[in-house]
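Worksheet for the structure shown next.
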Amino acid sequence: ATPNRTHASAIEISGRLFCSLMLGSAAAFALGAVLTSYLYGLVPPTGTPASELYAKISQQGEPDITLRYFDIRGRAEPIRLYLTLLGLNYTEVVFTGEEWRGGLKSRWMAEGIIPFGQVPELSYDNVHLVQSHAILRFLARKHGGYNQLTEEAKARIEILAEGTEDLRKRLMTIKYDSTKTKEEKESAYLQFCTSTAQEWMLKFDGVISKSPVVSYADLLLYDLIDIHAALCPKEAFEELMKEKPNLQNLRSKVETADGIQEYLSVRRSY
């Protein structure tokens, strides 16, 4: 059989449990049984010492994750993509703007779930996390191998992530400008996509990592490109993507990553 769980985490957890137990033969036998069960996906008989240890390890290995956001892609989409990429199961709590303004926001603030009164919010084993980039960095440290990277590699990921935020904010200024008519916004999108966005996408094409591993910053950039595809006129977006091979490779890398293709086929629209 092939182990279907992370060996390192299982051994670490079992080691801590072992030290806390009396080193009697029964305890040692239970520990051996649960470690074998955990690594190979078997479930010990209910009511045995091994089953109790197995439950503790299983809870450690499968975090309870809930994502709260509006029923749109928005700021939560890179988080959804990353959770999917990492193979983490999660529950979504979605709501309308009316529900948000009608008491949901104030209730969650009173409960300490959203300290700044903003979403997305990610609950990870009852730890409440806000700010989308902070959520992504948390997941990267927990599950994305972020802690094994050099400080320089981490910095480069963070630089790219913050760069996407700069361009996103500029584009969203147009989208949420309530003083503009639909026609004025369409004109502004065209101007933006052929000037500011063109300049920034050239920069991104020059700095993104060529590593086959998808980072959380790659997903932020992928999502940003998607937003431009939705808001820019078709011809302007096609021109925006021309002669940028690294951006094209990024899109392909993300879309062919484990689990992502299936998610993209069923995800919500903008």
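For the structure tokens, the naming scheme is as follows: chains receive sequential letters (A, B, ...) according to their order of presentation, residues are indexed from 1 within each chain, and ligands are indexed from 1 in presentation order.
Those residues that approach Ile227 (chain A) to within 12 Å, counting only C-alpha atoms, are Arg73, Gly74, Arg75, Glu77, Pro78, Thr164, Leu167, Arg168, Lys169, Leu171, Met172, Lys175, Tyr189, Cys193, Ala197, Leu220, Leu221, Tyr222, Asp223, Leu224, Ala230, Leu231, Cys232, Pro233, Phe237, Ser269 and Tyr270 of chain A; same-chain residues fewer than 3 positions away are not listed.
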* For each of A:Glu151, A:Glu186, A:Asp125, A:Glu62, take the minimum atom-to-atom distance to Ala236 (chain A), counting only C-alpha atoms, then give the residue where this is smallest. => A:Glu186
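The coordinates place CA of Leu240 (chain A) at 9.1 Å from CA of His228 (chain A).
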* Asked: Given the choices A:Thr179, A:Leu250, A:Glu239, A:Asp226, which gets closest to Val213 (chain A) if the distance is worked out from only C-alpha atoms?
  -> A:Leu250
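Comparing the minimum interatomic distances between Ala76 (chain A) and each of A:Gln248, A:Ser132, A:Ser187, A:Ser209, counting only C-alpha atoms, we find that A:Ser132 sits nearest.
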* CA of Gly112 (chain A) to CA of Gly97 (chain A): how many Å, to one decimal? -> 20.0 Å
